[in-house]
$ cat data.tsv   # TSV, C-alpha atoms
chain	number	residue	atom	x	y	z
A	276	MET	CA	177.76	-2.25	-23.22
A	277	SER	CA	178.18	-4.57	-26.21
A	278	ASP	CA	181.53	-6.14	-25.51
A	279	PRO	CA	181.75	-9.01	-22.97
A	280	ALA	CA	185.38	-8.06	-22.35
A	281	GLU	CA	184.16	-4.84	-20.75
A	282	LEU	CA	182.59	-6.80	-17.85
A	283	GLY	CA	185.85	-8.63	-17.29
A	284	GLN	CA	187.73	-5.33	-17.39
A	285	ILE	CA	185.44	-3.85	-14.71
A	286	LEU	CA	186.09	-6.85	-12.44
A	287	ARG	CA	189.84	-6.70	-13.15
A	288	THR	CA	190.00	-3.01	-12.28
A	289	ALA	CA	188.08	-3.63	-9.05
A	290	ARG	CA	190.54	-6.39	-8.20
A	291	GLU	CA	193.46	-4.02	-8.67
A	292	THR	CA	192.06	-0.90	-7.08
A	293	GLY	CA	189.73	-2.31	-4.40
A	294	ASP	CA	187.03	0.04	-5.68
A	295	PHE	CA	183.85	-1.95	-6.23
A	296	GLU	CA	181.61	0.97	-7.16
A	297	PRO	CA	181.81	0.23	-10.94
A	298	VAL	CA	180.93	-3.44	-10.25
A	299	MET	CA	177.72	-2.29	-8.62
A	300	GLY	CA	176.86	-0.15	-11.61
A	301	MET	CA	177.58	-2.66	-14.37
A	302	VAL	CA	174.26	-4.50	-13.97
A	303	PRO	CA	171.25	-2.12	-14.06
A	304	TYR	CA	168.95	-4.39	-12.00
A	305	ALA	CA	171.59	-4.76	-9.26
A	306	ALA	CA	171.96	-0.97	-9.21
A	307	LEU	CA	168.15	-0.66	-8.95
A	308	LEU	CA	168.17	-2.82	-5.81
A	309	GLY	CA	171.37	-1.18	-4.53
A	310	VAL	CA	173.51	-4.34	-4.24
A	311	ARG	CA	177.08	-3.63	-3.14
A	312	MET	CA	180.14	-5.85	-3.10
A	313	GLN	CA	183.20	-5.94	-0.87
A	314	LEU	CA	185.85	-8.47	0.11
A	315	GLU	CA	186.13	-10.23	3.43
A	316	GLN	CA	189.52	-10.65	5.11
A	317	THR	CA	189.65	-14.12	3.57
A	318	GLY	CA	189.39	-12.52	0.12
A	319	GLU	CA	185.91	-13.96	-0.43
A	320	PRO	CA	183.23	-11.62	-1.80
A	321	LEU	CA	180.63	-10.33	0.64
A	322	PHE	CA	177.45	-8.75	-0.72
A	323	HIS	CA	175.51	-6.00	0.98
A	324	LEU	CA	172.06	-4.57	0.38
A	325	PRO	CA	171.50	-1.32	2.30
A	326	PRO	CA	167.88	-0.62	3.35
A	327	ARG	CA	165.92	1.13	0.63
A	328	GLU	CA	162.28	2.22	0.47
A	329	GLU	CA	161.79	0.88	-3.10
A	330	ASN	CA	162.66	-2.66	-1.97
A	331	ILE	CA	159.74	-2.96	0.44
A	332	GLY	CA	157.19	-5.70	-0.25
A	333	ASN	CA	155.08	-5.20	2.86
A	334	THR	CA	154.63	-1.65	4.10
A	335	MET	CA	153.04	-2.57	7.43
A	336	LEU	CA	155.74	-4.82	8.87
A	337	PRO	CA	157.71	-3.34	7.01
A	338	ALA	CA	159.52	-6.13	5.16
A	339	LEU	CA	161.66	-6.51	2.06
A	340	HIS	CA	159.93	-8.00	-1.01
A	341	GLY	CA	160.60	-11.73	-1.41
A	342	GLY	CA	161.63	-11.01	-4.99
A	343	VAL	CA	164.24	-8.50	-3.79
A	344	ILE	CA	165.77	-11.10	-1.48
A	345	GLY	CA	165.66	-13.63	-4.34
A	346	GLY	CA	167.26	-11.14	-6.73
A	347	LEU	CA	169.98	-10.28	-4.21
A	348	LEU	CA	170.85	-13.95	-3.69
A	349	GLU	CA	170.84	-14.79	-7.39
A	350	HIS	CA	172.93	-11.75	-8.27
A	351	SER	CA	175.41	-12.50	-5.46
A	352	ALA	CA	175.84	-16.06	-6.75
A	353	ILE	CA	176.46	-14.80	-10.31
A	354	LEU	CA	179.01	-12.18	-9.23
A	355	HIS	CA	180.67	-14.64	-6.86
A	356	LEU	CA	181.17	-17.10	-9.73
A	357	MET	CA	182.49	-14.38	-12.06
A	358	TRP	CA	184.86	-13.16	-9.35
A	359	THR	CA	186.28	-16.53	-8.36
A	360	ARG	CA	186.48	-17.91	-11.91
A	361	GLU	CA	187.97	-14.67	-13.28
A	362	SER	CA	185.60	-15.22	-16.16
A	363	LEU	CA	184.44	-12.76	-18.78
A	364	ALA	CA	181.15	-14.49	-19.44
A	365	MET	CA	178.14	-14.16	-17.17
A	366	PRO	CA	176.91	-17.53	-15.88
A	367	LYS	CA	173.33	-18.37	-16.85
A	368	THR	CA	170.94	-19.50	-14.13
A	369	ILE	CA	169.53	-22.97	-14.81
A	370	ASP	CA	167.49	-23.27	-11.64
A	371	PHE	CA	167.17	-21.32	-8.44
A	372	ASN	CA	165.77	-22.56	-5.12
A	373	ILE	CA	165.15	-20.20	-2.24
A	374	ASP	CA	163.91	-20.90	1.27
A	375	TYR	CA	162.61	-17.91	3.20
A	376	LEU	CA	163.37	-18.42	6.90
A	377	ARG	CA	162.56	-15.07	8.49
A	378	SER	CA	161.01	-11.88	7.22
A	379	GLY	CA	163.58	-9.45	5.86
A	380	LYS	CA	163.43	-6.23	7.85
A	381	LEU	CA	164.28	-2.83	6.42
A	382	GLN	CA	167.88	-3.17	7.59
A	383	ASP	CA	171.32	-3.89	6.16
A	384	THR	CA	171.20	-7.29	4.50
A	385	TRP	CA	174.27	-9.41	3.82
A	386	CYS	CA	175.04	-12.45	1.78
A	387	ARG	CA	177.87	-14.84	1.22
A	388	CYS	CA	178.20	-17.64	-1.35
A	389	ARG	CA	179.87	-21.02	-1.49
A	390	VAL	CA	180.60	-22.85	-4.72
A	391	THR	CA	179.64	-26.40	-3.80
A	392	ARG	CA	180.73	-27.88	-7.07
A	393	GLN	CA	182.23	-26.47	-10.19
A	394	GLY	CA	182.56	-28.56	-13.32
A	395	SER	CA	183.56	-27.39	-16.77
A	396	ARG	CA	179.99	-26.56	-17.77
A	397	ILE	CA	177.88	-26.48	-14.60
A	398	ALA	CA	178.41	-24.86	-11.21
A	399	HIS	CA	176.37	-25.39	-8.04
A	400	VAL	CA	176.30	-22.48	-5.59
A	401	GLN	CA	174.80	-22.07	-2.11
A	402	VAL	CA	174.00	-18.65	-0.70
A	403	ASP	CA	173.35	-17.56	2.90
A	404	CYS	CA	171.56	-14.30	3.60
A	405	TRP	CA	171.28	-12.62	6.99
A	406	GLN	CA	170.72	-9.25	8.64
A	407	GLN	CA	172.06	-8.83	12.19
A	408	ASP	CA	173.42	-12.29	12.88
A	409	PRO	CA	174.91	-14.73	10.31
A	410	ALA	CA	173.74	-17.56	12.58
A	411	ARG	CA	170.12	-16.43	12.04
A	412	PRO	CA	169.74	-16.42	8.24
A	413	ILE	CA	166.66	-14.77	6.72
A	414	ALA	CA	167.01	-16.86	3.56
A	415	VAL	CA	169.17	-19.55	2.00
A	416	ALA	CA	169.36	-20.47	-1.66
A	417	ARG	CA	170.99	-22.99	-3.93
A	418	ALA	CA	171.29	-22.75	-7.67
A	419	HIS	CA	172.78	-24.37	-10.74
A	420	PHE	CA	174.51	-22.20	-13.31
A	421	LEU	CA	175.53	-22.87	-16.88
A	422	LEU	CA	179.08	-21.65	-17.47
A	423	SER	CA	180.25	-20.83	-20.94
B	199	MET	CA	132.93	-17.06	-14.25
B	200	SER	CA	129.44	-15.77	-13.56
B	201	GLY	CA	126.88	-15.00	-10.84
B	202	ALA	CA	127.58	-14.54	-7.16
B	203	GLU	CA	130.70	-16.65	-7.19
B	204	GLY	CA	132.21	-14.63	-10.02
B	205	ALA	CA	131.41	-11.36	-8.28
B	206	ALA	CA	133.02	-12.61	-5.07
B	207	GLY	CA	136.09	-13.67	-7.04
B	208	ALA	CA	136.34	-10.26	-8.69
B	209	GLY	CA	136.00	-8.58	-5.28
B	210	ARG	CA	138.84	-10.65	-3.91
B	211	ALA	CA	140.96	-9.87	-6.98
B	212	GLY	CA	140.26	-6.17	-6.46
B	213	ARG	CA	141.40	-6.37	-2.85
B	214	GLY	CA	144.56	-8.17	-3.93
B	215	TRP	CA	145.24	-5.58	-6.58
B	216	ASN	CA	144.68	-2.64	-4.23
B	217	PHE	CA	147.22	-4.26	-1.99
B	218	PHE	CA	149.79	-4.75	-4.77
B	219	ARG	CA	149.51	-1.15	-5.86
B	220	SER	CA	150.54	-0.10	-2.36
B	221	VAL	CA	153.74	-2.17	-2.48
B	222	PRO	CA	156.81	0.03	-3.18
B	223	HIS	CA	158.76	-2.71	-4.95
B	224	ALA	CA	155.79	-3.56	-7.20
B	225	ARG	CA	155.77	0.11	-8.20
B	226	ALA	CA	159.56	0.07	-8.74
B	227	LEU	CA	159.08	-2.78	-11.24
B	228	ASN	CA	155.93	-1.27	-12.81
B	229	LEU	CA	153.99	-4.42	-11.97
B	230	GLU	CA	150.56	-4.55	-13.63
B	231	MET	CA	147.62	-6.87	-13.07
B	232	VAL	CA	146.37	-8.60	-16.22
B	233	GLU	CA	143.83	-11.02	-14.80
B	234	ALA	CA	142.83	-12.45	-11.43
B	235	GLY	CA	140.15	-14.73	-10.07
B	236	ASP	CA	139.35	-18.25	-8.91
B	237	GLY	CA	142.86	-19.06	-7.74
B	238	ILE	CA	144.58	-17.67	-10.86
B	239	GLY	CA	146.73	-14.56	-11.05
B	240	VAL	CA	148.32	-13.10	-14.19
B	241	LEU	CA	150.72	-10.18	-13.78
B	242	LYS	CA	152.92	-8.26	-16.17
B	243	ILE	CA	156.21	-6.35	-15.95
B	244	PRO	CA	156.90	-4.07	-18.94
B	245	TYR	CA	160.44	-4.31	-20.31
B	246	ALA	CA	162.70	-1.58	-18.98
B	247	ASP	CA	166.44	-0.96	-19.25
B	248	ALA	CA	166.64	-0.67	-15.45
B	249	LEU	CA	165.75	-4.39	-15.18
B	250	ILE	CA	168.66	-5.65	-17.28
B	251	GLY	CA	170.71	-8.42	-15.69
B	252	ASN	CA	173.22	-8.95	-18.47
B	253	PRO	CA	174.51	-5.66	-19.90
B	254	VAL	CA	175.95	-7.44	-22.95
B	255	THR	CA	172.83	-9.35	-24.06
B	256	ARG	CA	170.34	-6.90	-22.40
B	257	VAL	CA	168.37	-9.86	-21.02
B	258	ILE	CA	166.45	-8.95	-17.85
B	259	HIS	CA	167.65	-10.26	-14.51
B	260	GLY	CA	166.36	-13.49	-12.94
B	261	GLY	CA	165.52	-11.46	-9.84
B	262	VAL	CA	162.85	-9.61	-11.83
B	263	ILE	CA	161.30	-12.96	-12.76
B	264	THR	CA	161.48	-14.01	-9.09
B	265	SER	CA	159.58	-10.85	-8.04
B	266	LEU	CA	157.03	-11.29	-10.83
B	267	ILE	CA	156.37	-14.96	-9.99
B	268	ASP	CA	156.29	-14.35	-6.23
B	269	SER	CA	153.74	-11.55	-6.76
B	270	ALA	CA	151.63	-13.57	-9.24
B	271	CYS	CA	151.48	-16.41	-6.70
B	272	GLY	CA	150.39	-13.94	-4.00
B	273	MET	CA	147.67	-12.68	-6.34
B	274	ALA	CA	146.49	-16.23	-7.13
B	275	ILE	CA	146.33	-17.05	-3.41
B	276	PHE	CA	144.40	-13.87	-2.57
B	277	THR	CA	141.72	-14.84	-5.08
B	278	ALA	CA	141.51	-18.34	-3.58
B	279	LEU	CA	141.20	-17.23	0.06
B	280	PRO	CA	137.79	-16.65	1.65
B	281	ARG	CA	139.06	-13.31	3.02
B	282	MET	CA	142.30	-11.33	2.99
B	283	GLU	CA	144.95	-12.59	5.39
B	284	PRO	CA	148.72	-12.13	5.63
B	285	ILE	CA	150.74	-14.70	3.69
B	286	ALA	CA	154.49	-15.23	3.45
B	287	THR	CA	156.61	-17.09	0.91
B	288	LEU	CA	158.16	-20.22	2.42
B	289	ASP	CA	160.04	-21.39	-0.63
B	290	LEU	CA	160.23	-20.83	-4.33
B	291	ARG	CA	161.89	-22.84	-7.07
B	292	ILE	CA	162.41	-21.40	-10.51
B	293	ASP	CA	163.59	-23.32	-13.58
B	294	TYR	CA	164.83	-21.11	-16.40
B	295	MET	CA	163.85	-22.53	-19.79
B	296	LYS	CA	165.22	-19.78	-22.02
B	297	PRO	CA	166.37	-16.17	-21.72
B	298	ALA	CA	163.63	-13.52	-21.93
B	299	VAL	CA	163.77	-11.64	-25.24
B	300	PRO	CA	165.07	-8.07	-24.64
B	301	GLY	CA	162.49	-5.37	-25.36
B	302	GLN	CA	159.47	-7.62	-24.79
B	303	ASP	CA	157.16	-7.47	-21.78
B	304	LEU	CA	157.16	-10.34	-19.32
B	305	TYR	CA	154.09	-12.09	-17.89
B	306	ALA	CA	153.58	-14.63	-15.13
B	307	ARG	CA	150.51	-16.79	-14.66
B	308	SER	CA	150.16	-18.49	-11.32
B	309	GLU	CA	147.68	-21.02	-10.06
B	310	CYS	CA	147.06	-21.70	-6.39
B	311	TYR	CA	146.31	-25.41	-6.81
B	312	LYS	CA	145.99	-26.39	-3.16
B	313	LEU	CA	145.00	-24.51	-0.05
B	314	THR	CA	145.30	-26.19	3.33
B	315	ARG	CA	144.56	-24.62	6.70
B	316	ARG	CA	148.13	-23.35	7.04
B	317	ILE	CA	149.75	-23.59	3.60
B	318	ALA	CA	149.04	-22.44	0.05
B	319	PHE	CA	150.72	-24.28	-2.86
B	320	CYS	CA	151.26	-22.57	-6.21
B	321	ARG	CA	152.75	-23.19	-9.60
B	322	ALA	CA	153.62	-20.46	-12.03
B	323	THR	CA	154.81	-19.91	-15.58
B	324	ALA	CA	156.70	-16.85	-16.80
B	325	TYR	CA	156.40	-16.13	-20.52
B	326	GLN	CA	156.45	-13.43	-23.17
B	327	ASP	CA	154.27	-14.00	-26.23
B	328	ASP	CA	153.46	-17.70	-25.78
B	329	ILE	CA	152.71	-19.41	-22.46
B	330	ASP	CA	153.51	-22.76	-24.11
B	331	ASP	CA	157.05	-21.56	-24.78
B	332	PRO	CA	157.88	-20.31	-21.27
B	333	VAL	CA	160.84	-18.30	-20.05
B	334	ALA	CA	160.60	-19.99	-16.65
B	335	THR	CA	158.43	-22.33	-14.61
B	336	SER	CA	158.09	-22.32	-10.85
B	337	VAL	CA	156.60	-24.00	-7.81
B	338	ALA	CA	156.17	-22.26	-4.47
B	339	ALA	CA	154.73	-22.78	-1.01
B	340	PHE	CA	153.32	-20.00	1.16
B	341	MET	CA	152.41	-19.84	4.83
B	342	ARG	CA	148.92	-18.57	5.62
B	343	HIS	CA	148.18	-16.20	8.54
B	344	SER	CA	151.89	-15.36	8.61
B	345	SER	CA	151.69	-12.27	10.79
B	346	ARG	CA	149.37	-10.09	12.82
B	347	ALA	CA	150.40	-6.98	10.92
B	348	PRO	CA	147.77	-5.68	8.54
B	349	ALA	CA	149.18	-5.05	5.08
B	350	GLY	CA	146.39	-3.75	2.87
B	351	GLY	CA	144.14	-0.74	3.09
B	352	ASP	CA	141.00	-0.81	5.27
B	353	ASN	CA	142.86	-2.72	7.94
B	354	ARG	CA	142.82	-5.75	5.67
B	355	LYS	CA	145.75	-8.06	5.82
B	356	GLY	CA	148.23	-8.77	3.07
B	357	LYS	CA	151.32	-10.50	1.93
B	358	ALA	CA	154.56	-10.41	3.88

$ encode --input "data.tsv" --output "structure tokens"
Amino acid sequence: MSDPAELGQILRTARETGDFEPVMGMVPYAALLGVRMQLEQTGEPLFHLPPREENIGNTMLPALHGGVIGGLLEHSAILHLMWTRESLAMPKTIDFNIDYLRSGKLQDTWCRCRVTRQGSRIAHVQVDCWQQDPARPIAVARAHFLLS
Amino acid sequence: MSGAEGAAGAGRAGRGWNFFRSVPHARALNLEMVEAGDGIGVLKIPYADALIGNPVTRVIHGGVITSLIDSACGMAIFTALPRMEPIATLDLRIDYMKPAVPGQDLYARSECYKLTRRIAFCRATAYQDDIDDPVATSVAAFMRHSSRAPAGGDNRKGKA
């Protein structure tokens, strides 16, 4: 893919058809993890990471790799911003802070984002990540993004 | 590094590396050990198309850097510990200085600069050809003795 408009087109098509499969495939790393996107009843994006052997960081517990959880949260924040801003350009991460609260089991993992502040150049996003119960997050993150 | 202390450090690095090789996600990213000992860990991820985060610029995803830094910190801590024990990441902050150049391998060097009874503190730098011109810098805290579950071979314990 060499044209930024193609990304925007993929998001636009998903918006029209409700089929998010192409969104999952547009970023190779997100496809490697298996990140999926859907919309909640409120219209807000909800991100889903189904359990996958390759995402394990500790085989004995077993637990998801901390980097996988970090990657899921960062990718969710990026897609959330692209979705809500209807933007063609991909936001660039300036900084990313993650707190690991519980070990991530080999289970369905969910995450939801909130844009805390959006200026013309910088956005601040918070992300919650949970498995069985949204009230018991396994990780939370906040990040600044450069918009262009 | 020399003498008994050096040998002990190398032994600890070996244990850490045996553990990393058993981690499915480390294999998925093709994580390689470059150097380890005395509280320092240097790891490498070779560039691969599957790691791309921006399909237009072909720059690798920040999540790959997160995994690389998290693992390098784990490696640094393993070489600083008197014996293997389970550790778990408490928090991690990454500052992105510049995009990684597509096609080039990525390295992370981590230093475990303080070990307390319960916590290990690390800083890390991710870079490509020059550590003084980093792609990202990071600080992280880890909990020691984080679980009872063994994670390495030989019933040794590893990173959660």

$ residues_around --input "data.tsv" --residues "region 391-399 of chain A" --least-positions-apart "5" --cutoff "10 Å" --atoms "only C-alpha atoms" --output "ChimeraX atom specification"
/A:352,356,360,366-370,417-423

$ interface_residues --input "data.tsv" --of "chain A" --to "chain B" --cutoff "9 Å" --atoms "only C-alpha atoms" --output "number ranges by chain"
A: 276-279, 281-282, 301-307, 328-350, 365, 367-376, 378

$ atom_distance --input "data.tsv" --atom1 "CA of Leu286 (chain A)" --atom2 "CA of Pro325 (chain A)"
21.5 Å

$ atom_distance --input "data.tsv" --atom1 "CA of Gln401 (chain A)" --atom2 "CA of Cys271 (chain B)"
24.4 Å

$ axis_aligned_box --input "data.tsv" --around "region 348-362 of chain A" --padding-each-side "4 Å" --output "AutoDock Vina command-line options"
--center_x 179.4 --center_y -14.8 --center_z -9.9 --size_x 25.1 --size_y 14.2 --size_z 20.5

$ residues_around --input "data.tsv" --residues "Glu296 (chain A)" --least-positions-apart "6" --cutoff "10 Å" --atoms "all atoms listed in the file" --output "ChimeraX atom specification"
/A:285,289,311-313

$ atom_distance --input "data.tsv" --atom1 "CA of Phe276 (chain B)" --atom2 "CA of Asp330 (chain B)"
25.0 Å

$ closest_residue --input "data.tsv" --among "B:Pro332, B:Glu309, B:Met273, B:Tyr325" --to "Arg219 (chain B)" --atoms "all atoms listed in the file"
B:Met273

$ residues_around --input "data.tsv" --residues "Ile238 (chain B)" --least-positions-apart "4" --cutoff "9 Å" --atoms "all atoms listed in the file" --output "PyMOL selection string"
chain B and resi 233-234+270-271+273-275+277-278+307-311

$ residues_around --input "data.tsv" --residues "Ser362 (chain A)" --least-positions-apart "4" --cutoff "8 Å" --atoms "all atoms listed in the file" --output "PyMOL selection string"
chain A and resi 283+357-358

$ closest_residue --input "data.tsv" --among "A:Cys404, A:Val310, A:Arg287, A:Cys386" --to "Thr359 (chain A)" --atoms "only C-alpha atoms"
A:Arg287

$ residues_near_point --input "data.tsv" --point "(189.6, -16.7, 1.9)" --cutoff "12 Å" --atoms "all atoms listed in the file" --output "mmCIF file with C-alpha atoms, in the frame of the given file"
data_model
loop_
_atom_site.group_PDB
_atom_site.id
_atom_site.type_symbol
_atom_site.label_atom_id
_atom_site.label_comp_id
_atom_site.auth_asym_id
_atom_site.auth_seq_id
_atom_site.Cartn_x
_atom_site.Cartn_y
_atom_site.Cartn_z
ATOM 1 C CA LEU A 314 185.850 -8.470 0.110
ATOM 2 C CA GLU A 315 186.130 -10.230 3.430
ATOM 3 C CA GLN A 316 189.520 -10.650 5.110
ATOM 4 C CA THR A 317 189.650 -14.120 3.570
ATOM 5 C CA GLY A 318 189.390 -12.520 0.120
ATOM 6 C CA GLU A 319 185.910 -13.960 -0.430
ATOM 7 C CA PRO A 320 183.230 -11.620 -1.800
ATOM 8 C CA LEU A 321 180.630 -10.330 0.640
ATOM 9 C CA THR A 359 186.280 -16.530 -8.360
ATOM 10 C CA ARG A 387 177.870 -14.840 1.220
ATOM 11 C CA CYS A 388 178.200 -17.640 -1.350
ATOM 12 C CA ARG A 389 179.870 -21.020 -1.490
#
